[in-house]
Amino acid sequence: WLILQYMSGFGNEHVSEDPRCPGALPEGQNNPQICPYGLYAEQLSGSAFTCPRPTNKRSWLYRILPSVCHKPFKPLEEGHLTHNWDEVEPDPNQLRWKPFEIPKAPQNKLDFVSGLHTLCGAGEPRGRNGIAVHVFVCNTSMVNRCLYNSDGDFLIVPQQGKLLITTEFGKMLVEPNEICVIQQGMRFSVEVFGETRGYILEVYGAHFELPDLGPIGANGLANPRDFLVPVAWYEDRQVPGGYTVISKYQGKLFAAQQDFSPFNVVAWHGNYTPYKYHLEKFMVINSVAFDHADPSIFTVLTAKSTRPGVALADFVIFPPRWGVANNTFRPPYYHRNCMSEFMGLIKGHYEAKEEGFQPGGASLHSMMTPHGPDADCFEKASKAKLEPERVAEGTMAFMFESSLSLAVTKWGLQTSNRLDKNYYKCWEPLKSHFNPKCK
């Protein structure tokens with residue numbers, strides 16, 4: 001497999017140049033009259049110019065041709081990608097999906113862009129406030145095509161198959177149990193190696209950041225040094241037949257043609273970059289006495305809303321860990337939440353629902369809809385001998401949690417044909433144990 005190099009650190013100021021062109025980065029300034037090697041200087045801004053320094057994001061790219069050299073954009077068929085949250089009537093039920101089907105390549109070739117399917121979301125990209133949850137299923141690589149998202153950031157969670165992602169900043173290999181974030185405006189192309197599937201959390205109007213640690217202290221959860229950024233890599237490639245640059249803009253897709261590869265950045269510097277992270281690096285915090293700590297202790301990344309302490313979206317994982325709580329019902333408790341909880345499973349079995357919730361599937365417990373362990377899990381956990389035990393060994397479940405009330409798309413409820421209409425039955429065997437004479 002391809003051995004790629006990375007730089008480490010979340011949100012760091014990075015400096016990188018392709019070793020084939022040493023000295024490609026200008027010294028002492030961003031925009032000299034003539035750049036080394038005859039390159040063009042181009043700034044990519046991820047925040048308003050006037051943002052406070054801690055939230056100011058921008059990178060300078062030194063490229064063979066600037067990205068402005070393209071034909072006009074024209075509408076492109078977006079398939080099952082949407083931000084129309086009024087396609088079907090709202091559904092407050094607990095929803096669960098069987099693993100999403102990956103088409104076979106000879107019958108239906110899908111690359112990353114044509115394989116995007118929107119499952120649920122809320123808000124509106126023009127107002128710069130909202131999120132969308134997508135599933136991608138693909139079986140072929142993007143060839144002479146790249147995508148950039150004008151609406152927001154993509155947090156990509158591969159579940160089956162590796163993704164070799166070429167970006168303007170360099171290449172990243174992202175495997176299941178890793179995630180990557182492609183921030184707003186960054187051009188990327190995805191190469192796959194067979195049938196591939198995963199999940200995407202898209203946020204409009206905010207960037208992902210590390211959650212504050214508060215009383216936890218200086219260390220724990222996702223450590224900044226474990227986030228990896230690609231190193232500069234360029235191709236000076238002419239594409240006479242036309243290279244297609246796809247923009248996701250105001251929820252729609254548009255395509256423009258150009259006659260060269262957009263991955264022509266010889267050097268770059270800045271703090272606005274794509275990045276990846278391996279979920280096994282997460283330092284789990286947990287209760288070591290009794291009861292549950294809130295699932296927010298499993299937050300890897302957060303996109304903050306304008307309300308303090310309330311996330312537009314959190315990315316939360318449930319990794320292998322030790323369970324030691326005394327006199328405690330250890331699986332997740334029964335719950336009604338003012339947040340929306342979308343869950344996916346990368347591998348293994350989720351502890352609270354070992355049967356119906358499968359890798360490559362999903363569930364959605366909407367705002368204030370009750371949920372919790374199924375009847376079998378409740379009975380087992382209520383009678384279990386409480387000893388230190390490994391929880392979730394060999395598994396990885398995750399949650400996209402949002403303060404927004406998520407609407408499900410027509411594809412999610414109907415067209416996909418993956419909705420598990422018997423989900424509610426997993427709670428039907430729960431029976432009353434109430435005895436007023438027995439404390």
# chains A, B, ... in the order shown; residues from 1 in each chain; ligands from 1
>>> closest_atom_pairs(of="range 246-275 of chain A", to="range 10-30 of chain A", cutoff="8 Å", atoms="only C-alpha atoms", output="tab-separated table")
residue	atom	partner	partner_atom	distance
A:Val266	CA	A:Asp18	CA	5.6
A:Ala267	CA	A:Glu17	CA	3.9
A:Trp268	CA	A:Ser16	CA	5.5
A:His269	CA	A:Val15	CA	4.3
A:Gly270	CA	A:Glu13	CA	5.1
A:Asn271	CA	A:Glu13	CA	4.5
A:Tyr272	CA	A:Gly11	CA	7.3
>>> residues_around(residues="range 245-261 of chain A", least_positions_apart="4", cutoff="8 Å", atoms="only C-alpha atoms", output="number ranges by chain")
A: 69-78, 81-83, 125-126, 144-151, 235-241
>>> closest_residue(among="A:Leu61, A:Pro308, A:Arg321, A:Gly361", to="Trp233 in chain A", atoms="only C-alpha atoms")
A:Leu61
>>> closest_atom_pairs(of="range 187-222 of chain A", to="range 171-179 of chain A", cutoff="12 Å", atoms="only C-alpha atoms", output="JSON lines")
{"residue": "A:Arg187", "atom": "CA", "partner": "A:Lys171", "partner_atom": "CA", "distance": 11.6}
{"residue": "A:Phe188", "atom": "CA", "partner": "A:Lys171", "partner_atom": "CA", "distance": 9.2}
{"residue": "A:Ser189", "atom": "CA", "partner": "A:Lys171", "partner_atom": "CA", "distance": 9.6}
{"residue": "A:Val190", "atom": "CA", "partner": "A:Leu173", "partner_atom": "CA", "distance": 9.8}
{"residue": "A:Glu191", "atom": "CA", "partner": "A:Leu173", "partner_atom": "CA", "distance": 9.5}
{"residue": "A:Val192", "atom": "CA", "partner": "A:Leu173", "partner_atom": "CA", "distance": 10.1}
{"residue": "A:Phe193", "atom": "CA", "partner": "A:Glu175", "partner_atom": "CA", "distance": 11.2}
{"residue": "A:Thr196", "atom": "CA", "partner": "A:Pro176", "partner_atom": "CA", "distance": 10.0}
{"residue": "A:Arg197", "atom": "CA", "partner": "A:Pro176", "partner_atom": "CA", "distance": 9.5}
{"residue": "A:Gly198", "atom": "CA", "partner": "A:Pro176", "partner_atom": "CA", "distance": 8.5}
{"residue": "A:Tyr199", "atom": "CA", "partner": "A:Ile179", "partner_atom": "CA", "distance": 9.8}
{"residue": "A:Ile200", "atom": "CA", "partner": "A:Ile179", "partner_atom": "CA", "distance": 9.7}
{"residue": "A:Leu201", "atom": "CA", "partner": "A:Ile179", "partner_atom": "CA", "distance": 10.8}
>>> residues_around(residues="Thr415 in chain A", least_positions_apart="2", cutoff="12 Å", atoms="only C-alpha atoms", output="PyMOL selection string")
chain A and resi 79-80+87-88+100-101+117-119+408-413+417-419
>>> closest_residue(among="A:Met142, A:Leu39, A:Ala384, A:Ala362", to="Arg63 in chain A", atoms="only C-alpha atoms")
A:Leu39
>>> closest_atom_pairs(of="range 276-354 of chain A", to="range 386-393 of chain A", cutoff="12 Å", atoms="only C-alpha atoms", output="CSV")
residue,atom,partner,partner_atom,distance
A:Glu280,CA,A:Glu393,CA,11.7
A:Val284,CA,A:Val391,CA,11.8
A:Asn286,CA,A:Val391,CA,11.5
A:Ser287,CA,A:Pro388,CA,11.9
A:Val288,CA,A:Pro388,CA,9.9
A:Ala289,CA,A:Pro388,CA,11.3
A:Phe290,CA,A:Leu386,CA,11.3
A:Ile317,CA,A:Ala392,CA,11.1
A:Phe318,CA,A:Ala392,CA,7.6
A:Pro319,CA,A:Ala392,CA,6.4
A:Pro320,CA,A:Ala392,CA,4.6
A:Arg321,CA,A:Val391,CA,5.3
A:Trp322,CA,A:Arg390,CA,4.6
A:Gly323,CA,A:Glu389,CA,5.3
A:Val324,CA,A:Pro388,CA,4.6
A:Ala325,CA,A:Leu386,CA,7.9
A:Asn326,CA,A:Leu386,CA,6.8
A:Asn327,CA,A:Leu386,CA,7.4
A:Thr328,CA,A:Leu386,CA,8.2
A:Phe329,CA,A:Leu386,CA,9.3
A:Arg330,CA,A:Leu386,CA,9.0
A:Pro331,CA,A:Val391,CA,9.3
A:Pro332,CA,A:Val391,CA,11.8
A:Leu345,CA,A:Ala392,CA,11.6
A:Lys347,CA,A:Ala392,CA,10.2
A:Gly348,CA,A:Ala392,CA,8.0
A:His349,CA,A:Ala392,CA,7.5
A:Tyr350,CA,A:Ala392,CA,7.0
A:Glu351,CA,A:Ala392,CA,6.4
A:Ala352,CA,A:Ala392,CA,10.1
A:Lys353,CA,A:Ala392,CA,11.7
A:Glu354,CA,A:Ala392,CA,10.6
>>> closest_residue(among="A:Ala407, A:Ser67, A:Phe136, A:Arg96", to="Asn84 in chain A", atoms="only C-alpha atoms")
A:Ala407
>>> decode(residues="range 114-177 of chain A", atoms="C-alpha atoms", output="PDB file, in the first residue's frame")
ATOM      1  CA  SER A 114     -22.660  10.084  -7.842  1.00  0.00           C
ATOM      2  CA  GLY A 115     -22.875   7.785  -4.790  1.00  0.00           C
ATOM      3  CA  LEU A 116     -23.897  10.537  -2.348  1.00  0.00           C
ATOM      4  CA  HIS A 117     -27.326  10.004  -0.765  1.00  0.00           C
ATOM      5  CA  THR A 118     -28.790  12.467   1.739  1.00  0.00           C
ATOM      6  CA  LEU A 119     -30.475  10.745   4.673  1.00  0.00           C
ATOM      7  CA  CYS A 120     -31.531  13.630   6.930  1.00  0.00           C
ATOM      8  CA  GLY A 121     -30.742  17.188   7.881  1.00  0.00           C
ATOM      9  CA  ALA A 122     -31.951  20.618   8.921  1.00  0.00           C
ATOM     10  CA  GLY A 123     -31.205  24.241   8.207  1.00  0.00           C
ATOM     11  CA  GLU A 124     -30.223  25.930   5.009  1.00  0.00           C
ATOM     12  CA  PRO A 125     -26.829  26.496   3.379  1.00  0.00           C
ATOM     13  CA  ARG A 126     -27.678  29.994   2.150  1.00  0.00           C
ATOM     14  CA  GLY A 127     -28.315  31.072   5.730  1.00  0.00           C
ATOM     15  CA  ARG A 128     -25.059  29.374   6.807  1.00  0.00           C
ATOM     16  CA  ASN A 129     -26.712  27.445   9.607  1.00  0.00           C
ATOM     17  CA  GLY A 130     -27.534  23.746   9.456  1.00  0.00           C
ATOM     18  CA  ILE A 131     -26.312  20.220   8.950  1.00  0.00           C
ATOM     19  CA  ALA A 132     -26.910  17.278   6.641  1.00  0.00           C
ATOM     20  CA  VAL A 133     -26.182  13.576   7.072  1.00  0.00           C
ATOM     21  CA  HIS A 134     -25.249  11.694   3.904  1.00  0.00           C
ATOM     22  CA  VAL A 135     -24.409   8.098   3.091  1.00  0.00           C
ATOM     23  CA  PHE A 136     -21.956   7.359   0.296  1.00  0.00           C
ATOM     24  CA  VAL A 137     -21.879   4.077  -1.611  1.00  0.00           C
ATOM     25  CA  CYS A 138     -19.471   3.744  -4.515  1.00  0.00           C
ATOM     26  CA  ASN A 139     -17.601   1.163  -6.538  1.00  0.00           C
ATOM     27  CA  THR A 140     -15.385   3.191  -8.868  1.00  0.00           C
ATOM     28  CA  SER A 141     -12.836   5.972  -8.538  1.00  0.00           C
ATOM     29  CA  MET A 142     -13.327   9.572  -9.577  1.00  0.00           C
ATOM     30  CA  VAL A 143     -11.473  10.028 -12.875  1.00  0.00           C
ATOM     31  CA  ASN A 144     -10.684  13.558 -14.033  1.00  0.00           C
ATOM     32  CA  ARG A 145     -13.329  14.807 -11.594  1.00  0.00           C
ATOM     33  CA  CYS A 146     -13.004  16.665  -8.328  1.00  0.00           C
ATOM     34  CA  LEU A 147     -15.507  18.079  -5.858  1.00  0.00           C
ATOM     35  CA  TYR A 148     -15.504  21.068  -3.570  1.00  0.00           C
ATOM     36  CA  ASN A 149     -18.197  22.024  -1.097  1.00  0.00           C
ATOM     37  CA  SER A 150     -19.135  25.708  -1.157  1.00  0.00           C
ATOM     38  CA  ASP A 151     -21.761  25.101   1.543  1.00  0.00           C
ATOM     39  CA  GLY A 152     -19.721  23.742   4.428  1.00  0.00           C
ATOM     40  CA  ASP A 153     -17.400  21.089   5.818  1.00  0.00           C
ATOM     41  CA  PHE A 154     -17.536  17.334   5.191  1.00  0.00           C
ATOM     42  CA  LEU A 155     -16.632  14.978   8.041  1.00  0.00           C
ATOM     43  CA  ILE A 156     -16.193  11.629   6.276  1.00  0.00           C
ATOM     44  CA  VAL A 157     -16.474   8.302   8.127  1.00  0.00           C
ATOM     45  CA  PRO A 158     -15.509   5.334   5.909  1.00  0.00           C
ATOM     46  CA  GLN A 159     -17.174   2.081   6.964  1.00  0.00           C
ATOM     47  CA  GLN A 160     -16.117  -0.335   4.210  1.00  0.00           C
ATOM     48  CA  GLY A 161     -13.163   0.148   1.869  1.00  0.00           C
ATOM     49  CA  LYS A 162     -10.197   2.503   1.821  1.00  0.00           C
ATOM     50  CA  LEU A 163     -10.381   6.028   0.400  1.00  0.00           C
ATOM     51  CA  LEU A 164      -7.321   7.525  -1.270  1.00  0.00           C
ATOM     52  CA  ILE A 165      -8.196  11.214  -1.224  1.00  0.00           C
ATOM     53  CA  THR A 166      -6.201  13.636  -3.337  1.00  0.00           C
ATOM     54  CA  THR A 167      -6.573  17.253  -2.209  1.00  0.00           C
ATOM     55  CA  GLU A 168      -4.995  20.533  -3.189  1.00  0.00           C
ATOM     56  CA  PHE A 169      -2.831  20.133  -0.062  1.00  0.00           C
ATOM     57  CA  GLY A 170      -1.671  16.577  -0.790  1.00  0.00           C
ATOM     58  CA  LYS A 171      -2.888  12.993  -0.456  1.00  0.00           C
ATOM     59  CA  MET A 172      -4.533  11.174   2.451  1.00  0.00           C
ATOM     60  CA  LEU A 173      -5.286   7.468   2.770  1.00  0.00           C
ATOM     61  CA  VAL A 174      -8.356   7.074   5.004  1.00  0.00           C
ATOM     62  CA  GLU A 175      -9.392   3.590   6.154  1.00  0.00           C
ATOM     63  CA  PRO A 176     -12.338   2.333   8.209  1.00  0.00           C
ATOM     64  CA  ASN A 177     -11.845   3.357  11.860  1.00  0.00           C
TER      65      ASN A 177
END
